[in-house]
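> The structure file start-v6.txt (compact mmCIF, C-alpha atoms) is provided below.
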# COMPACT_ATOMS: atom_id res chain seq x y z
CA MET A 1 13.31 -32.03 -21.28
CA ASP A 2 16.30 -31.87 -23.62
CA THR A 3 15.65 -31.16 -27.26
CA ASP A 4 18.28 -32.94 -29.27
CA ASP A 5 20.39 -31.21 -31.88
CA PHE A 6 18.97 -32.92 -34.96
CA SER A 7 16.01 -30.55 -34.81
CA GLU A 8 18.05 -27.34 -34.82
CA PRO A 9 17.15 -24.75 -37.44
CA ASP A 10 19.27 -24.15 -40.50
CA PHE A 11 19.29 -20.48 -41.49
CA SER A 12 19.17 -19.82 -45.23
CA ASP A 13 21.35 -17.45 -47.23
CA GLY A 14 18.23 -15.29 -47.65
CA PHE A 15 17.83 -15.06 -43.88
CA ARG A 16 21.53 -14.17 -43.44
CA SER A 17 21.20 -11.39 -45.98
CA ASP A 18 17.99 -10.03 -44.42
CA PHE A 19 19.58 -10.16 -40.95
CA GLU A 20 22.46 -8.06 -42.26
CA SER A 21 19.90 -5.57 -43.64
CA LEU A 22 18.18 -5.52 -40.25
CA LEU A 23 21.44 -4.56 -38.53
CA SER A 24 22.05 -1.81 -41.09
CA TRP A 25 18.56 -0.35 -40.90
CA ARG A 26 18.23 -0.54 -37.11
CA ARG A 27 18.71 3.07 -36.09
CA ASP A 28 18.30 5.19 -32.98
CA VAL A 29 15.10 7.07 -33.84
CA ARG A 30 14.29 10.58 -32.62
CA HIS A 31 11.69 11.58 -35.24
CA PHE A 32 8.41 9.75 -34.65
CA ARG A 33 4.97 9.91 -36.19
CA LYS A 34 2.28 10.28 -33.54
CA ASP A 35 0.08 7.35 -34.59
CA PRO A 36 -0.09 4.63 -31.94
CA VAL A 37 1.69 1.28 -31.89
CA PRO A 38 -1.07 -1.34 -31.49
CA ASP A 39 -1.02 -3.08 -28.09
CA ASP A 40 -0.69 -6.53 -29.65
CA VAL A 41 2.40 -5.41 -31.61
CA LEU A 42 4.02 -3.98 -28.47
CA GLU A 43 3.22 -7.12 -26.48
CA ARG A 44 4.73 -9.32 -29.17
CA LEU A 45 7.91 -7.20 -29.24
CA LEU A 46 8.27 -7.41 -25.47
CA GLU A 47 7.73 -11.19 -25.52
CA LEU A 48 10.53 -11.52 -28.09
CA ALA A 49 12.87 -9.21 -26.14
CA ASP A 50 12.18 -11.18 -22.97
CA ARG A 51 13.91 -14.20 -24.59
CA ALA A 52 17.26 -12.44 -24.28
CA PRO A 53 19.94 -14.18 -22.22
CA SER A 54 20.41 -13.18 -18.58
CA VAL A 55 23.00 -13.94 -15.92
CA GLY A 56 21.92 -17.04 -13.99
CA ASN A 57 18.68 -16.96 -16.02
CA SER A 58 17.63 -14.22 -13.61
CA GLN A 59 15.65 -12.09 -16.08
CA PRO A 60 16.39 -9.06 -13.86
CA TRP A 61 14.81 -6.41 -16.11
CA ARG A 62 11.74 -4.52 -14.92
CA ILE A 63 9.88 -2.68 -17.69
CA VAL A 64 7.69 0.29 -16.86
CA ARG A 65 5.21 1.44 -19.47
CA VAL A 66 4.74 5.16 -18.92
CA ASP A 67 1.37 6.47 -20.12
CA ASP A 68 0.44 9.05 -17.51
CA PRO A 69 0.79 12.55 -19.06
CA GLU A 70 2.07 14.13 -15.83
CA ARG A 71 4.81 11.55 -15.42
CA ARG A 72 5.76 11.97 -19.09
CA ALA A 73 5.94 15.73 -18.59
CA GLY A 74 8.25 15.14 -15.62
CA VAL A 75 10.55 12.97 -17.72
CA ILE A 76 10.64 15.60 -20.48
CA GLN A 77 11.53 18.26 -17.91
CA ILE A 78 14.47 16.34 -16.46
CA HIS A 79 15.67 15.49 -19.97
CA GLU A 80 15.62 19.18 -20.90
CA GLU A 81 17.52 20.11 -17.74
CA ALA A 82 20.17 17.43 -18.30
CA ASN A 83 20.45 18.43 -21.95
CA ARG A 84 20.97 22.10 -21.06
CA GLU A 85 23.78 21.09 -18.69
CA ALA A 86 25.35 18.80 -21.30
CA SER A 87 25.10 21.56 -23.89
CA ALA A 88 26.71 24.11 -21.53
CA ALA A 89 29.64 21.74 -20.98
CA TYR A 90 30.62 22.17 -24.65
CA GLY A 91 31.03 25.88 -23.83
CA THR A 92 31.88 27.91 -26.88
CA SER A 93 33.80 25.09 -28.56
CA GLU A 94 33.40 24.21 -32.21
CA LYS A 95 31.10 21.37 -31.15
CA ALA A 96 28.80 23.56 -29.03
CA GLU A 97 26.75 25.00 -31.87
CA ALA A 98 26.56 21.62 -33.58
CA TYR A 99 25.32 20.01 -30.33
CA ARG A 100 22.53 22.55 -29.95
CA LYS A 101 21.23 21.74 -33.43
CA LEU A 102 20.89 18.02 -32.76
CA LYS A 103 17.53 16.48 -31.91
CA LEU A 104 18.46 14.01 -29.19
CA ALA A 105 15.10 12.58 -28.15
CA GLY A 106 11.58 12.12 -29.47
CA LEU A 107 9.89 12.22 -26.06
CA ARG A 108 7.07 14.59 -27.08
CA GLU A 109 5.98 12.66 -30.17
CA ALA A 110 6.67 8.99 -29.41
CA PRO A 111 3.43 7.15 -28.63
CA VAL A 112 5.15 4.56 -26.39
CA HIS A 113 7.48 5.32 -23.49
CA LEU A 114 9.22 2.45 -21.67
CA ALA A 115 11.58 2.83 -18.73
CA VAL A 116 13.86 -0.14 -18.00
CA PHE A 117 15.21 -0.84 -14.52
CA VAL A 118 16.97 -3.82 -12.93
CA ASP A 119 16.37 -5.43 -9.59
CA PRO A 120 19.89 -5.39 -8.05
CA ASP A 121 19.33 -8.57 -6.04
CA PRO A 122 16.72 -10.77 -7.68
CA GLU A 123 15.86 -14.10 -6.10
CA GLN A 124 15.47 -15.59 -9.60
CA GLY A 125 18.83 -17.07 -10.66
CA HIS A 126 19.91 -17.69 -7.06
CA GLY A 127 22.87 -15.33 -7.44
CA LEU A 128 24.61 -17.46 -10.06
CA GLY A 129 27.27 -15.77 -12.18
CA ARG A 130 27.17 -12.33 -10.57
CA ALA A 131 29.27 -12.61 -7.40
CA THR A 132 32.40 -11.01 -8.88
CA MET A 133 30.58 -8.87 -11.45
CA PRO A 134 27.19 -7.65 -10.12
CA GLU A 135 27.00 -5.32 -13.13
CA THR A 136 26.07 -8.37 -15.24
CA LEU A 137 22.48 -7.81 -14.04
CA ALA A 138 22.44 -4.42 -15.79
CA TYR A 139 24.19 -5.99 -18.78
CA SER A 140 21.40 -8.59 -19.05
CA ALA A 141 18.85 -5.78 -19.26
CA VAL A 142 20.85 -4.20 -22.09
CA GLY A 143 20.84 -7.49 -24.03
CA MET A 144 17.06 -7.45 -23.69
CA ILE A 145 16.92 -3.87 -25.01
CA GLN A 146 19.13 -4.66 -28.01
CA THR A 147 16.87 -7.62 -28.83
CA LEU A 148 13.83 -5.33 -28.58
CA TRP A 149 15.53 -2.83 -30.90
CA LEU A 150 15.99 -5.48 -33.61
CA ALA A 151 12.55 -7.06 -33.13
CA ALA A 152 10.92 -3.61 -33.35
CA ARG A 153 12.72 -2.73 -36.58
CA ILE A 154 11.40 -5.89 -38.24
CA GLU A 155 7.87 -4.59 -37.56
CA GLY A 156 8.77 -1.11 -38.82
CA VAL A 157 8.76 0.27 -35.26
CA GLY A 158 11.59 2.62 -34.33
CA LEU A 159 13.25 2.86 -30.94
CA GLY A 160 15.21 5.73 -29.44
CA TRP A 161 17.32 5.29 -26.30
CA VAL A 162 17.31 8.45 -24.17
CA SER A 163 20.29 8.57 -21.81
CA ILE A 164 20.48 12.32 -21.14
CA LEU A 165 18.60 12.02 -17.84
CA ASP A 166 19.29 11.98 -14.12
CA PRO A 167 18.72 8.29 -13.25
CA VAL A 168 17.74 8.90 -9.62
CA ARG A 169 15.04 11.42 -10.51
CA ILE A 170 13.55 9.05 -13.10
CA GLY A 171 13.01 6.45 -10.37
CA CYS A 172 11.23 9.08 -8.22
CA ILE A 173 8.96 10.30 -11.03
CA LEU A 174 7.96 6.75 -11.90
CA ASP A 175 7.51 5.70 -8.26
CA VAL A 176 9.28 2.36 -8.60
CA ASN A 177 11.02 0.28 -5.94
CA PRO A 178 13.84 2.58 -4.72
CA SER A 179 16.33 -0.30 -4.76
CA TRP A 180 15.99 -0.66 -8.53
CA SER A 181 18.66 0.76 -10.84
CA PHE A 182 17.62 2.78 -13.85
CA ILE A 183 19.07 1.47 -17.12
CA ALA A 184 17.33 3.19 -20.04
CA TYR A 185 14.39 5.30 -21.14
CA LEU A 186 13.05 4.13 -24.49
CA CYS A 187 10.79 5.89 -26.97
CA LEU A 188 8.98 3.69 -29.48
CA GLY A 189 6.80 4.53 -32.45
CA TYR A 190 6.72 4.58 -36.23
CA PRO A 191 9.63 6.64 -37.61
CA GLU A 192 8.97 9.69 -39.76
CA LYS A 193 11.66 8.48 -42.13
CA ASN A 194 13.92 5.46 -42.26
CA TYR A 195 17.66 5.58 -42.72
CA ASP A 196 20.49 3.12 -42.99
CA THR A 197 23.09 5.50 -41.57
CA PRO A 198 23.16 6.81 -37.98
CA GLU A 199 21.63 10.26 -37.45
CA LEU A 200 24.85 11.41 -35.76
CA GLU A 201 26.73 10.43 -38.92
CA ARG A 202 24.24 12.20 -41.21
CA LYS A 203 24.44 15.35 -39.08
CA ARG A 204 28.27 15.16 -39.19
CA TRP A 205 28.62 14.82 -35.42
CA GLN A 206 30.43 11.49 -35.49
CA ALA A 207 30.91 8.93 -38.26
CA ARG A 208 31.63 5.28 -37.64
CA THR A 209 35.28 4.20 -37.79
CA PRO A 210 36.95 0.98 -39.01
CA LEU A 211 36.59 -2.09 -36.80
CA SER A 212 40.31 -2.84 -37.07
CA ASP A 213 40.93 0.11 -34.69
CA ARG A 214 39.05 -1.79 -31.98
CA ILE A 215 40.65 -5.25 -32.27
CA LEU A 216 43.77 -6.40 -30.41
CA LYS A 217 45.58 -9.73 -30.29
CA ARG A 218 47.14 -11.22 -27.20
CA MET B 1 24.12 11.37 -47.75
CA ASP B 2 20.56 10.64 -46.66
CA THR B 3 18.94 7.49 -47.91
CA ASP B 4 15.25 8.12 -48.26
CA ASP B 5 12.62 5.90 -46.72
CA PHE B 6 11.18 4.46 -49.91
CA SER B 7 14.16 2.10 -50.14
CA GLU B 8 13.72 0.60 -46.68
CA PRO B 9 13.53 -3.20 -46.47
CA ASP B 10 10.28 -5.03 -45.90
CA PHE B 11 10.77 -8.10 -43.75
CA SER B 12 8.72 -11.14 -44.81
CA ASP B 13 6.65 -13.41 -42.57
CA GLY B 14 9.28 -16.07 -43.21
CA PHE B 15 12.00 -13.78 -41.87
CA ARG B 16 9.90 -12.94 -38.79
CA SER B 17 9.40 -16.61 -38.06
CA ASP B 18 13.11 -17.44 -38.55
CA PHE B 19 14.09 -14.49 -36.33
CA GLU B 20 11.86 -15.89 -33.59
CA SER B 21 13.61 -19.27 -34.01
CA LEU B 22 16.96 -17.52 -33.77
CA LEU B 23 16.00 -15.98 -30.42
CA SER B 24 14.81 -19.35 -29.13
CA TRP B 25 17.90 -21.28 -30.24
CA ARG B 26 20.43 -18.66 -29.16
CA ARG B 27 21.85 -20.22 -25.99
CA ASP B 28 24.73 -19.63 -23.62
CA VAL B 29 27.08 -22.44 -24.68
CA ARG B 30 29.48 -24.21 -22.31
CA HIS B 31 30.03 -27.45 -24.27
CA PHE B 32 32.19 -26.83 -27.34
CA ARG B 33 33.74 -29.06 -29.96
CA LYS B 34 37.43 -28.33 -30.38
CA ASP B 35 37.45 -27.77 -34.16
CA PRO B 36 38.38 -24.22 -35.11
CA VAL B 37 36.11 -21.42 -36.26
CA PRO B 38 37.53 -20.26 -39.63
CA ASP B 39 39.08 -16.79 -39.49
CA ASP B 40 36.81 -15.46 -42.23
CA VAL B 41 33.72 -16.57 -40.28
CA LEU B 42 34.96 -14.89 -37.10
CA GLU B 43 35.80 -11.70 -38.99
CA ARG B 44 32.37 -11.59 -40.55
CA LEU B 45 30.70 -12.07 -37.15
CA LEU B 46 32.73 -9.25 -35.64
CA GLU B 47 31.91 -6.95 -38.57
CA LEU B 48 28.20 -7.61 -38.02
CA ALA B 49 28.46 -7.09 -34.24
CA ASP B 50 30.31 -3.83 -34.82
CA ARG B 51 27.13 -2.40 -36.42
CA ALA B 52 25.47 -2.32 -32.99
CA PRO B 53 24.30 1.06 -31.72
CA SER B 54 26.54 3.03 -29.37
CA VAL B 55 26.13 6.13 -27.25
CA GLY B 56 27.14 9.17 -29.31
CA ASN B 57 28.21 6.74 -32.06
CA SER B 58 31.34 6.26 -29.93
CA GLN B 59 31.84 2.52 -30.65
CA PRO B 60 33.65 2.27 -27.28
CA TRP B 61 34.19 -1.52 -27.31
CA ARG B 62 37.73 -2.91 -27.50
CA ILE B 63 37.89 -6.59 -28.46
CA VAL B 64 40.90 -8.68 -27.48
CA ARG B 65 41.40 -11.98 -29.25
CA VAL B 66 43.22 -14.21 -26.78
CA ASP B 67 45.29 -16.94 -28.46
CA ASP B 68 48.40 -17.16 -26.29
CA PRO B 69 48.26 -20.43 -24.27
CA GLU B 70 49.85 -18.88 -21.16
CA ARG B 71 47.33 -16.05 -21.05
CA ARG B 72 44.49 -18.53 -21.58
CA ALA B 73 45.84 -20.63 -18.70
CA GLY B 74 45.87 -17.51 -16.53
CA VAL B 75 42.23 -16.79 -17.37
CA ILE B 76 41.26 -20.39 -16.58
CA GLN B 77 43.03 -20.12 -13.23
CA ILE B 78 41.25 -16.95 -12.15
CA HIS B 79 37.92 -18.40 -13.30
CA GLU B 80 38.52 -21.50 -11.19
CA GLU B 81 39.42 -19.38 -8.17
CA ALA B 82 36.34 -17.17 -8.54
CA ASN B 83 34.17 -20.22 -9.07
CA ARG B 84 35.49 -21.90 -5.89
CA GLU B 85 34.64 -18.75 -3.94
CA ALA B 86 31.18 -18.52 -5.50
CA SER B 87 30.60 -22.20 -4.76
CA ALA B 88 31.70 -21.79 -1.13
CA ALA B 89 29.22 -18.93 -0.70
CA TYR B 90 26.36 -21.41 -1.20
CA GLY B 91 27.72 -23.21 1.91
CA THR B 92 25.83 -26.36 2.68
CA SER B 93 22.55 -25.05 1.31
CA GLU B 94 20.26 -27.06 -0.93
CA LYS B 95 21.70 -25.16 -3.90
CA ALA B 96 25.35 -25.89 -3.05
CA GLU B 97 25.48 -29.42 -4.43
CA ALA B 98 23.50 -28.39 -7.50
CA TYR B 99 25.92 -25.50 -8.14
CA ARG B 100 28.96 -27.77 -8.02
CA LYS B 101 27.47 -30.03 -10.69
CA LEU B 102 26.97 -27.19 -13.20
CA LYS B 103 29.43 -26.62 -16.00
CA LEU B 104 29.70 -22.83 -16.08
CA ALA B 105 32.33 -22.22 -18.77
CA GLY B 106 33.89 -23.92 -21.79
CA LEU B 107 37.26 -22.18 -21.47
CA ARG B 108 39.38 -25.31 -22.00
CA GLU B 109 37.64 -26.46 -25.16
CA ALA B 110 36.48 -23.30 -26.94
CA PRO B 111 38.71 -22.54 -29.94
CA VAL B 112 38.07 -18.78 -29.78
CA HIS B 113 38.45 -16.58 -26.70
CA LEU B 114 37.46 -12.91 -26.87
CA ALA B 115 37.72 -10.42 -24.03
CA VAL B 116 35.62 -7.26 -24.34
CA PHE B 117 36.62 -4.00 -22.66
CA VAL B 118 35.44 -0.40 -22.98
CA ASP B 119 37.45 2.76 -23.20
CA PRO B 120 35.92 4.88 -20.39
CA ASP B 121 36.58 8.19 -22.15
CA PRO B 122 36.77 7.72 -25.90
CA GLU B 123 37.32 10.73 -28.12
CA GLN B 124 34.95 9.22 -30.69
CA GLY B 125 31.44 10.51 -30.00
CA HIS B 126 32.71 13.71 -28.38
CA GLY B 127 31.09 12.80 -25.06
CA LEU B 128 27.55 12.99 -26.44
CA GLY B 129 24.84 11.23 -24.41
CA ARG B 130 26.97 10.00 -21.52
CA ALA B 131 27.37 13.00 -19.20
CA THR B 132 24.69 11.90 -16.71
CA MET B 133 25.04 8.16 -17.36
CA PRO B 134 28.67 7.22 -18.15
CA GLU B 135 27.66 3.55 -17.82
CA THR B 136 26.06 3.86 -21.28
CA LEU B 137 29.55 3.19 -22.70
CA ALA B 138 29.54 -0.26 -21.08
CA TYR B 139 25.94 -0.71 -22.18
CA SER B 140 26.96 -0.04 -25.79
CA ALA B 141 29.52 -2.84 -25.56
CA VAL B 142 26.80 -5.19 -24.29
CA GLY B 143 24.59 -4.35 -27.28
CA MET B 144 27.53 -5.30 -29.50
CA ILE B 145 27.91 -8.62 -27.65
CA GLN B 146 24.20 -9.45 -27.93
CA THR B 147 24.39 -8.74 -31.68
CA LEU B 148 27.44 -11.03 -31.93
CA TRP B 149 25.54 -13.74 -30.04
CA LEU B 150 22.70 -13.70 -32.59
CA ALA B 151 24.97 -13.39 -35.63
CA ALA B 152 27.07 -16.32 -34.39
CA ARG B 153 24.03 -18.56 -33.89
CA ILE B 154 22.96 -17.99 -37.49
CA GLU B 155 26.32 -19.49 -38.56
CA GLY B 156 25.97 -22.40 -36.10
CA VAL B 157 28.63 -20.87 -33.81
CA GLY B 158 27.91 -20.94 -30.08
CA LEU B 159 28.91 -18.24 -27.60
CA GLY B 160 29.32 -18.53 -23.84
CA TRP B 161 29.64 -15.45 -21.62
CA VAL B 162 31.96 -16.09 -18.68
CA SER B 163 31.33 -13.64 -15.82
CA ILE B 164 32.77 -15.61 -12.89
CA LEU B 165 36.08 -13.74 -13.03
CA ASP B 166 37.91 -10.96 -11.21
CA PRO B 167 37.71 -8.10 -13.76
CA VAL B 168 40.88 -6.34 -12.57
CA ARG B 169 43.03 -9.45 -12.87
CA ILE B 170 41.75 -10.10 -16.40
CA GLY B 171 43.05 -6.69 -17.49
CA CYS B 172 46.48 -7.52 -16.00
CA ILE B 173 46.72 -10.94 -17.64
CA LEU B 174 45.79 -9.48 -21.03
CA ASP B 175 48.06 -6.45 -20.64
CA VAL B 176 45.56 -3.90 -21.94
CA ASN B 177 45.34 -0.17 -21.25
CA PRO B 178 44.79 -0.01 -17.46
CA SER B 179 42.09 2.63 -17.89
CA TRP B 180 39.85 0.20 -19.79
CA SER B 181 36.93 -1.48 -18.02
CA PHE B 182 36.43 -5.19 -18.43
CA ILE B 183 32.95 -6.11 -19.66
CA ALA B 184 32.89 -9.79 -20.67
CA TYR B 185 34.96 -12.83 -21.50
CA LEU B 186 33.46 -14.76 -24.40
CA CYS B 187 34.08 -18.33 -25.55
CA LEU B 188 33.14 -19.13 -29.15
CA GLY B 189 33.10 -22.40 -31.06
CA TYR B 190 30.81 -25.02 -32.52
CA PRO B 191 28.51 -26.42 -29.82
CA GLU B 192 28.58 -30.13 -28.95
CA LYS B 193 24.79 -30.11 -28.99
CA ASN B 194 22.16 -27.49 -29.70
CA TYR B 195 19.24 -26.72 -27.44
CA ASP B 196 16.27 -24.42 -27.47
CA THR B 197 16.03 -24.22 -23.68
CA PRO B 198 18.62 -22.62 -21.39
CA GLU B 199 21.12 -25.01 -19.80
CA LEU B 200 20.21 -23.64 -16.36
CA GLU B 201 16.59 -24.56 -17.04
CA ARG B 202 17.48 -28.05 -18.27
CA LYS B 203 19.64 -28.63 -15.19
CA ARG B 204 16.79 -27.41 -12.96
CA TRP B 205 18.79 -24.50 -11.54
CA GLN B 206 16.43 -21.76 -12.71
CA ALA B 207 13.54 -21.81 -15.18
CA ARG B 208 12.29 -18.74 -17.01
CA THR B 209 9.24 -17.02 -15.52
CA PRO B 210 6.29 -15.18 -17.13
CA LEU B 211 6.98 -11.75 -18.61
CA SER B 212 3.91 -10.29 -16.89
CA ASP B 213 5.86 -10.44 -13.58
CA ARG B 214 8.32 -7.91 -15.04
CA ILE B 215 5.93 -5.32 -16.50
CA LEU B 216 4.51 -2.33 -14.62
CA LYS B 217 2.26 0.52 -15.72
CA ARG B 218 2.61 4.09 -14.57
Could you write out this file's structure as structure tokens?


Amino acid sequence: MDTDDFSEPDFSDGFRSDFESLLSWRRDVRHFRKDPVPDDVLERLLELADRAPSVGNSQPWRIVRVDDPERRAGVIQIHEEANREASAAYGTSEKAEAYRKLKLAGLREAPVHLAVFVDPDPEQGHGLGRATMPETLAYSAVGMIQTLWLAARIEGVGLGWVSILDPVRIGCILDVNPSWSFIAYLCLGYPEKNYDTPELERKRWQARTPLSDRILKR
Amino acid sequence: MDTDDFSEPDFSDGFRSDFESLLSWRRDVRHFRKDPVPDDVLERLLELADRAPSVGNSQPWRIVRVDDPERRAGVIQIHEEANREASAAYGTSEKAEAYRKLKLAGLREAPVHLAVFVDPDPEQGHGLGRATMPETLAYSAVGMIQTLWLAARIEGVGLGWVSILDPVRIGCILDVNPSWSFIAYLCLGYPEKNYDTPELERKRWQARTPLSDRILKR
């Protein structure tokens, strides 16, 4: 069932320019309004994200929608513990006080919580492409998350990726298959405000640097 | 320098529909024409990809443009070795013959080769967000690659992710900082044909499956 190339889409200059805006306005959101994201919007976003590429076409991501208040409270608790430890590691350095002032997650306010795992040995894909680099399964899940991030922003929905968590304990709290690897905990909802610069840049934690520092030739 | 939310972009229905097309037509490409990708196009694509989110705003990706014919030949050799091993692992199974017929990389034809690494302990970002999950540095690089994949497709440029490689040997061939972790080897160029279904689906290796199989509620 090949579709031949004469039917491929041609993207307009207007689309190019809007796509560039999308990349600039896609931010990690930690300040959410509490009003819900309609189910049909969330389903559409997940359908779009699910079109991301995956190694061997394995689609190894497993997405857990976390609604139960007790499980959410458990996630908040392990985030707070991990954040206290991370904060302590800055000691009394110049960065320590700055760290403590940052808001690093919107877990209490965000109406939607999604936890993303990968199946480390999915039958789908028949093992193709991952023999020497099994981590490509996790990488496929991240491509799905980045697609979700962009798709959400188009609908005005913000996403925040919470990584200050103990991955093993998240699997226990959510009672998923113990063989699965935890990739990311995502908060989604409508942002309180929208910005085109990263929060960590606005709060003077870390600004972006020129791309040329990251390119080599060989 | 906060930009307030009243200036945020509003994405039109036309943009939404074109973005959906972009996700459908973004394919892993293994069949490239040999004509070059102009330098200004490649630079623009990398600038767009570089706007991807990163843990702690660390921008940990390091992008190596590989032009030297001897280094390219070395990469092709280690791909062929890894592919022979992967092929042998299917033994005489039903999938073995099918595997051998697949074209899994366009390394010989693609005009642009990029290798992506991450710095495992970048100063940028001051360690924020990665104490419990250091793998978020690699995940940031993958978000950059997925952004590049989409940006490239808008310009008609195809990208193929080659993962059938020994990651340690790639670092040696490219003579990069030995502390860096190898994430992906990317081929870019204009595709011979364009498709809206994955090559592995067209070649009956693995079709996509319904999203509902990958969603859980807790």

> Show me, as JSON lines, the residues of range 104-207 of chain A having an atom within 8 Å of range 200-214 of chain B, each with the closest atom pair and its distance in Å, using all atoms listed in the file.


{"residue": "A:Gln124", "atom": "CA", "partner": "B:Gln206", "partner_atom": "CA", "distance": 7.0}
{"residue": "A:Gly125", "atom": "CA", "partner": "B:Gln206", "partner_atom": "CA", "distance": 5.7}
{"residue": "A:His126", "atom": "CA", "partner": "B:Gln206", "partner_atom": "CA", "distance": 7.8}

> Tell me which of A:Leu165, A:Val29, A:Ile154, A:Met133 sits closest to Phe182 in chain B, counting all atoms listed in the file.

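Among A:Leu165, A:Val29, A:Ile154, A:Met133, it is A:Met133 that comes nearest to Phe182 in chain B.
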
> Identify, on the basis of all atoms listed in the file, every residue whose closest approach to Ala152 in chain B does not exceed 9 Å; exclude the query and any residue fewer than 2 positions from it along the same chain; express the result as a CSV table (one decimal) with C-alpha atoms, in the coordinates of the input.


chain,number,residue,atom,x,y,z
B,26,ARG,CA,20.4,-18.7,-29.2
B,41,VAL,CA,33.7,-16.6,-40.3
B,42,LEU,CA,35.0,-14.9,-37.1
B,45,LEU,CA,30.7,-12.1,-37.2
B,147,THR,CA,24.4,-8.7,-31.7
B,148,LEU,CA,27.4,-11.0,-31.9
B,149,TRP,CA,25.5,-13.7,-30.0
B,150,LEU,CA,22.7,-13.7,-32.6
B,154,ILE,CA,23.0,-18.0,-37.5
B,155,GLU,CA,26.3,-19.5,-38.6
B,156,GLY,CA,26.0,-22.4,-36.1
B,157,VAL,CA,28.6,-20.9,-33.8
B,158,GLY,CA,27.9,-20.9,-30.1
B,159,LEU,CA,28.9,-18.2,-27.6
B,188,LEU,CA,33.1,-19.1,-29.2

> What are the residues of chain B that have an atom within 7 Å of an atom of chain A, counting only C-alpha atoms, as a PyMOL selection string?

chain B and resi 1-5+8+11+15+23-24+47+50-51+57+61-68+86+124-125+129-133+139+142-143+146+154+163-166+174+193-196+200+202+206+208+211+214-218

> In Å, with one decimal, what is the gap from CA of Gly189 in chain B to CA of Arg33 in chain B?

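That distance, rounded to one decimal, is 6.8 Å.
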
> Any chance you could model N, CA and C atoms for range 148-161 of chain B and send them as an mmCIF file, keeping the file's coordinate frame?


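Below is the file part30.cif, written as the result:
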data_model
loop_
_atom_site.group_PDB
_atom_site.id
_atom_site.type_symbol
_atom_site.label_atom_id
_atom_site.label_comp_id
_atom_site.auth_asym_id
_atom_site.auth_seq_id
_atom_site.Cartn_x
_atom_site.Cartn_y
_atom_site.Cartn_z
ATOM 1 N N LEU B 148 26.509 -9.952 -31.587
ATOM 2 C CA LEU B 148 27.440 -11.030 -31.930
ATOM 3 C C LEU B 148 26.842 -12.398 -31.601
ATOM 4 N N TRP B 149 26.149 -12.476 -30.474
ATOM 5 C CA TRP B 149 25.540 -13.740 -30.040
ATOM 6 C C TRP B 149 24.557 -14.248 -31.097
ATOM 7 N N LEU B 150 23.710 -13.320 -31.583
ATOM 8 C CA LEU B 150 22.700 -13.700 -32.590
ATOM 9 C C LEU B 150 23.362 -14.015 -33.929
ATOM 10 N N ALA B 151 24.306 -13.170 -34.345
ATOM 11 C CA ALA B 151 24.970 -13.390 -35.630
ATOM 12 C C ALA B 151 25.699 -14.736 -35.624
ATOM 13 N N ALA B 152 26.342 -15.060 -34.501
ATOM 14 C CA ALA B 152 27.070 -16.320 -34.390
ATOM 15 C C ALA B 152 26.112 -17.512 -34.528
ATOM 16 N N ARG B 153 24.969 -17.421 -33.862
ATOM 17 C CA ARG B 153 24.030 -18.560 -33.890
ATOM 18 C C ARG B 153 23.539 -18.841 -35.308
ATOM 19 N N ILE B 154 23.391 -17.788 -36.097
ATOM 20 C CA ILE B 154 22.960 -17.990 -37.490
ATOM 21 C C ILE B 154 23.961 -18.880 -38.220
ATOM 22 N N GLU B 155 25.264 -18.702 -37.908
ATOM 23 C CA GLU B 155 26.320 -19.490 -38.560
ATOM 24 C C GLU B 155 26.584 -20.813 -37.837
ATOM 25 N N GLY B 156 25.755 -21.152 -36.844
ATOM 26 C CA GLY B 156 25.970 -22.400 -36.100
ATOM 27 C C GLY B 156 27.077 -22.293 -35.053
ATOM 28 N N VAL B 157 27.565 -21.066 -34.804
ATOM 29 C CA VAL B 157 28.630 -20.870 -33.810
ATOM 30 C C VAL B 157 27.992 -20.519 -32.467
ATOM 31 N N GLY B 158 28.429 -21.211 -31.417
ATOM 32 C CA GLY B 158 27.910 -20.940 -30.080
ATOM 33 C C GLY B 158 28.787 -19.931 -29.348
ATOM 34 N N LEU B 159 28.179 -19.217 -28.411
ATOM 35 C CA LEU B 159 28.910 -18.240 -27.600
ATOM 36 C C LEU B 159 28.549 -18.494 -26.135
ATOM 37 N N GLY B 160 29.555 -18.443 -25.287
ATOM 38 C CA GLY B 160 29.320 -18.530 -23.840
ATOM 39 C C GLY B 160 29.939 -17.322 -23.169
ATOM 40 N N TRP B 161 29.176 -16.656 -22.323
ATOM 41 C CA TRP B 161 29.640 -15.450 -21.620
ATOM 42 C C TRP B 161 30.111 -15.874 -20.237
#
